[in-house]
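Colleague: work.tsv is reproduced in full below (TSV, C-alpha atoms).
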chain	number	residue	atom	x	y	z
A	7	MET	CA	0.00	0.00	0.00
A	8	ASN	CA	1.26	3.48	-0.84
A	9	TRP	CA	1.32	5.48	2.41
A	10	LEU	CA	1.84	8.77	0.58
A	11	SER	CA	-1.75	8.67	-0.65
A	12	CYS	CA	-3.00	8.34	2.95
A	13	LEU	CA	-1.17	11.41	4.34
A	14	GLU	CA	-3.37	14.08	5.89
A	15	SER	CA	-2.43	17.45	7.28
A	16	PRO	CA	-2.80	17.87	11.05
A	17	PRO	CA	-6.00	19.46	12.35
A	18	GLY	CA	-6.00	23.27	12.01
A	19	ALA	CA	-3.23	23.28	9.39
A	20	ASN	CA	-5.50	24.23	6.50
A	21	LYS	CA	-7.13	27.25	8.13
A	22	LYS	CA	-7.98	29.96	5.64
A	23	LYS	CA	-6.39	33.38	6.05
A	24	LYS	CA	-8.67	36.09	7.52
A	25	ARG	CA	-9.82	38.32	4.63
A	26	LEU	CA	-9.99	41.74	6.22
A	27	GLY	CA	-11.98	44.70	5.00
A	28	ARG	CA	-14.04	42.85	2.36
A	29	GLY	CA	-17.48	44.19	3.29
A	30	ASP	CA	-19.73	44.00	6.33
A	31	SER	CA	-21.10	40.54	5.52
A	32	SER	CA	-17.61	39.04	5.94
A	33	GLY	CA	-17.68	39.92	9.64
A	34	HIS	CA	-14.32	41.67	9.17
A	35	GLY	CA	-15.41	44.69	7.17
A	36	GLY	CA	-15.47	48.31	8.24
A	37	THR	CA	-12.63	48.67	10.69
A	38	SER	CA	-11.08	45.30	9.69
A	39	THR	CA	-10.89	44.07	13.34
A	40	LYS	CA	-8.62	46.99	14.26
A	41	GLY	CA	-11.10	48.90	16.43
A	42	HIS	CA	-11.73	52.62	15.85
A	43	LYS	CA	-8.97	55.02	14.81
A	44	GLY	CA	-5.85	55.44	16.92
A	45	GLN	CA	-2.24	54.44	16.42
A	46	HIS	CA	-2.89	50.71	16.06
A	47	ALA	CA	-5.51	51.18	13.35
A	48	ARG	CA	-3.06	53.08	11.13
A	49	SER	CA	-0.45	51.62	8.84
A	50	GLY	CA	2.93	51.88	10.51
A	51	GLY	CA	1.22	52.07	13.90
A	52	PHE	CA	4.08	50.75	15.95
A	53	HIS	CA	6.33	51.77	18.81
A	54	LYS	CA	9.55	50.24	20.00
A	55	ALA	CA	9.84	47.96	23.02
A	56	GLY	CA	9.89	49.93	26.27
A	57	PHE	CA	7.97	52.93	24.85
A	58	GLU	CA	5.34	54.04	27.36
A	59	GLY	CA	3.34	56.56	25.37
A	60	GLY	CA	5.59	59.50	26.19
A	61	GLN	CA	5.75	58.74	29.91
A	62	MET	CA	9.32	58.51	31.24
A	63	PRO	CA	10.27	54.86	30.56
A	64	LEU	CA	11.00	52.49	33.42
A	65	SER	CA	14.64	52.10	32.38
A	66	ARG	CA	15.11	55.87	32.87
A	67	ARG	CA	12.91	56.24	35.98
A	68	VAL	CA	14.91	53.72	38.02
A	69	PRO	CA	18.26	54.97	39.34
A	70	LYS	CA	21.44	53.34	38.10
A	71	ARG	CA	23.39	51.35	40.71
A	72	GLY	CA	26.59	49.39	40.99
A	73	PHE	CA	29.85	49.38	39.12
A	74	HIS	CA	31.14	47.41	36.15
A	75	ASN	CA	34.90	46.94	36.17
A	76	PRO	CA	36.10	47.28	32.56
A	77	PHE	CA	39.44	45.61	33.42
A	78	ARG	CA	37.97	42.42	34.94
A	79	VAL	CA	39.53	39.22	33.58
A	80	GLU	CA	37.25	36.19	33.36
A	81	PHE	CA	38.80	32.74	33.84
A	82	ASN	CA	38.05	29.10	33.06
A	83	ILE	CA	37.99	27.56	36.55
A	84	VAL	CA	39.00	23.98	37.37
A	85	ASN	CA	39.41	22.45	40.84
A	86	VAL	CA	42.40	20.27	41.80
A	87	GLY	CA	40.08	17.30	42.48
A	88	GLU	CA	38.96	17.30	38.82
A	89	LEU	CA	42.59	16.87	37.67
A	90	ALA	CA	42.61	13.35	39.18
A	91	GLN	CA	41.09	12.13	35.86
A	92	PHE	CA	44.49	12.52	34.20
A	93	SER	CA	47.06	9.71	34.43
A	94	SER	CA	50.17	10.12	36.57
A	95	GLY	CA	52.88	12.32	35.03
A	96	ALA	CA	50.55	13.78	32.39
A	97	VAL	CA	50.87	17.39	31.23
A	98	VAL	CA	47.65	19.24	32.03
A	99	ASP	CA	47.07	22.46	30.12
A	100	LEU	CA	44.10	24.27	28.56
A	101	ASP	CA	44.05	21.99	25.47
A	102	ALA	CA	44.06	18.81	27.57
A	103	LEU	CA	41.19	20.16	29.71
A	104	LEU	CA	39.22	21.08	26.58
A	105	LYS	CA	39.58	17.51	25.26
A	106	LYS	CA	38.35	16.05	28.58
A	107	GLY	CA	35.40	18.48	28.62
A	108	LEU	CA	36.38	20.11	31.92
A	109	VAL	CA	36.62	23.53	30.25
A	110	ARG	CA	34.50	25.01	27.47
A	111	LYS	CA	36.00	28.31	26.32
A	112	LYS	CA	39.43	28.14	24.69
A	113	GLN	CA	39.84	31.94	24.55
A	114	LEU	CA	39.62	32.43	28.35
A	115	PRO	CA	42.70	31.98	30.58
A	116	LEU	CA	42.83	29.07	33.03
A	117	LYS	CA	42.76	29.23	36.84
A	118	ILE	CA	43.21	26.21	39.11
A	119	LEU	CA	41.45	26.26	42.50
A	120	GLY	CA	42.20	24.07	45.52
A	121	GLU	CA	39.02	22.06	46.16
A	122	GLY	CA	39.54	18.28	46.24
A	123	GLU	CA	42.60	16.04	46.46
A	124	LEU	CA	45.19	14.99	43.89
A	125	PRO	CA	46.36	11.34	44.36
A	126	HIS	CA	49.27	11.42	41.86
A	127	SER	CA	51.80	13.81	40.33
A	128	LEU	CA	50.97	15.97	37.31
A	129	VAL	CA	52.60	18.80	35.37
A	130	VAL	CA	49.97	21.56	35.47
A	131	LYS	CA	50.23	24.62	33.22
A	132	ALA	CA	47.78	27.45	33.97
A	133	HIS	CA	47.55	31.24	34.01
A	134	GLN	CA	46.75	31.41	37.74
A	135	PHE	CA	46.72	29.10	40.77
A	136	SER	CA	45.21	29.59	44.20
A	137	LYS	CA	47.73	29.08	47.04
A	138	SER	CA	46.01	25.89	48.20
A	139	ALA	CA	45.89	24.48	44.65
A	140	ALA	CA	49.62	25.07	44.08
A	141	GLU	CA	50.42	23.47	47.47
A	142	LYS	CA	48.30	20.36	46.76
A	143	ILE	CA	49.84	19.85	43.30
A	144	GLN	CA	53.39	20.18	44.67
A	145	LYS	CA	52.57	18.00	47.70
A	146	SER	CA	51.50	15.17	45.35
A	147	GLY	CA	54.89	15.41	43.59
A	148	GLY	CA	53.68	17.43	40.60
A	149	THR	CA	54.90	20.72	39.19
A	150	VAL	CA	53.17	24.05	38.69
A	151	GLU	CA	53.94	26.16	35.58
A	152	LEU	CA	52.60	29.69	35.42
A	153	LEU	CA	51.60	30.93	31.95
A	154	GLN	CA	51.36	34.57	30.86
A	155	VAL	CA	47.81	35.97	30.42
A	156	LYS	CA	47.45	37.51	26.94
A	157	GLY	CA	47.26	41.29	27.00
A	158	GLN	CA	49.17	41.65	30.28
Would you write out, as structure tokens, the structure that this file holds?

Modeller:
Amino acid sequence: MNWLSCLESPPGANKKKKRLGRGDSSGHGGTSTKGHKGQHARSGGFHKAGFEGGQMPLSRRVPKRGFHNPFRVEFNIVNVGELAQFSSGAVVDLDALLKKGLVRKKQLPLKILGEGELPHSLVVKAHQFSKSAAEKIQKSGGTVELLQVKGQ
């Protein structure tokens, strides 16, 4: 049996388009379902998001607060405990962490934090280390290599 001949469109898919302004008997004549006059009845009757009819918009009524530091550097963050996935003596850098899926953004510098334990020695290359992370890596017999952050 040819199933293509049995295909039907889902219910409501073949609705006819509303024919506006085609006489009173259509039910959509006269004002064409737009109400009487006013901005929304006109062509081009539109205002941008946040416009409040001339009233001072909310975004300008509310006072500005806080501070945004333009020099803030965002880091990829990995804890020492997560480095245990690597085999003993392995070199752990940004590329290795990307391959393992521990880090997502290649363009951000890498910072290692000290949560968790490291059972074996590793060579860890990162842009920053917390004190506790550096201590734990060295305590397990590994080495810490500090990389230069681009732009600094």

Colleague: A:Ala102, A:Ala47, A:Ala140, A:Val86: which is nearest Glu121 of chain A, counting only C-alpha atoms?

Modeller: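 So, comparing all the options, the nearest one is A:Val86.
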
Colleague: Need to verify the contact set: Val84 of chain A, 7 Å, only C-alpha atoms, exclusion of same-chain residues closer than 6 positions in sequence. Can you return it as a list in words?

Modeller: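 Non-adjacent residues within range: Lys117, Ile118 and Leu119 of chain A.
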
Colleague: Save the residues we just selected, C-alpha atoms, as a compact mmCIF listing (two decimals), in the frame of the given file?

Modeller:
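Full text of again-v2.txt as output:
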# COMPACT_ATOMS: atom_id res chain seq x y z
CA LYS A 117 42.76 29.23 36.84
CA ILE A 118 43.21 26.21 39.11
CA LEU A 119 41.45 26.26 42.50

Colleague: Of the candidates A:Lys54, A:Leu116, A:Leu153, A:Val98, which one gets nearest to Val130 of chain A if we count all atoms listed in the file?

Modeller: A:Val98

Colleague: To one decimal in Å, tell me the separation between atom CA of Val129 of chain A and atom CA of Glu151 of chain A.

Modeller: 7.5 Å

Colleague: Using only C-alpha atoms, which of A:Val79, A:Leu128, A:Met62, A:Leu152 sits nearest Gln91 of chain A?

Modeller: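 Between A:Val79, A:Leu128, A:Met62, A:Leu152, the residue approaching Gln91 of chain A most closely is A:Leu128.
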
Colleague: Out of A:Trp9, A:Phe52, A:Phe77, A:Phe92, which residue has the shortest atom-to-atom distance to His126 of chain A when counting only C-alpha atoms?

Modeller: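 For His126 of chain A, the nearest of the candidates is A:Phe92.
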
Colleague: Using all atoms listed in the file, which residues sit within 12 Å of Gly56 of chain A once same-chain residues fewer than 5 positions away are excluded, as a PyMOL selection string?

Modeller: chain A and resi 61-67

Colleague: If you count all atoms listed in the file, which residues fall within 12 Å of Val155 of chain A, apart from same-chain ones fewer than 3 positions away, as a VMD selection string?

Modeller: chain A and resid 79 to 81 113 to 117 131 to 134 152 158

Colleague: Pull the neighbourhood of (52.9, 7.6, 38.2) for me: all residues within 7 Å in file coordinates, counting all atoms listed in the file, as JSON, numbers by chain.

Modeller: {"A": [94, 95, 126, 127]}

Colleague: What's the separation between atom CA of Lys111 of chain A and atom CA of Phe73 of chain A, in Å to one decimal place?

Modeller: 25.4 Å

Colleague: When you look at segment 16-28 of chain A with a cut-off of 12 Å (counting only C-alpha atoms), what residues show up, excluding the ones that are within fewer than 4 positions of it in the same chain? I need them as an MDAnalysis selection string.

Modeller: chainID A and resid 32:40

Colleague: Within 10 Å of Lys145 of chain A, counting only C-alpha atoms, which residues show up once you throw out same-chain ones fewer than 2 positions away? Write them as an MDAnalysis selection string, please.

Modeller: chainID A and resid 124:127 139:143 147:149

Colleague: Can you work out the spacing between atom CA of Gln154 of chain A and atom CA of Gly122 of chain A in Å, to one decimal?

Modeller: 25.3 Å

Colleague: Let me have the centre and edge lengths of the axis-aligned box enclosing all listed atoms of segment 119-138 of chain A with 8 Å padding on every side, in Å to one decimal, as lines of an AutoDock Vina configuration file.

Modeller:
center_x = 45.8
center_y = 21.4
center_z = 40.7
size_x = 29.6
size_y = 36.1
size_z = 31.0
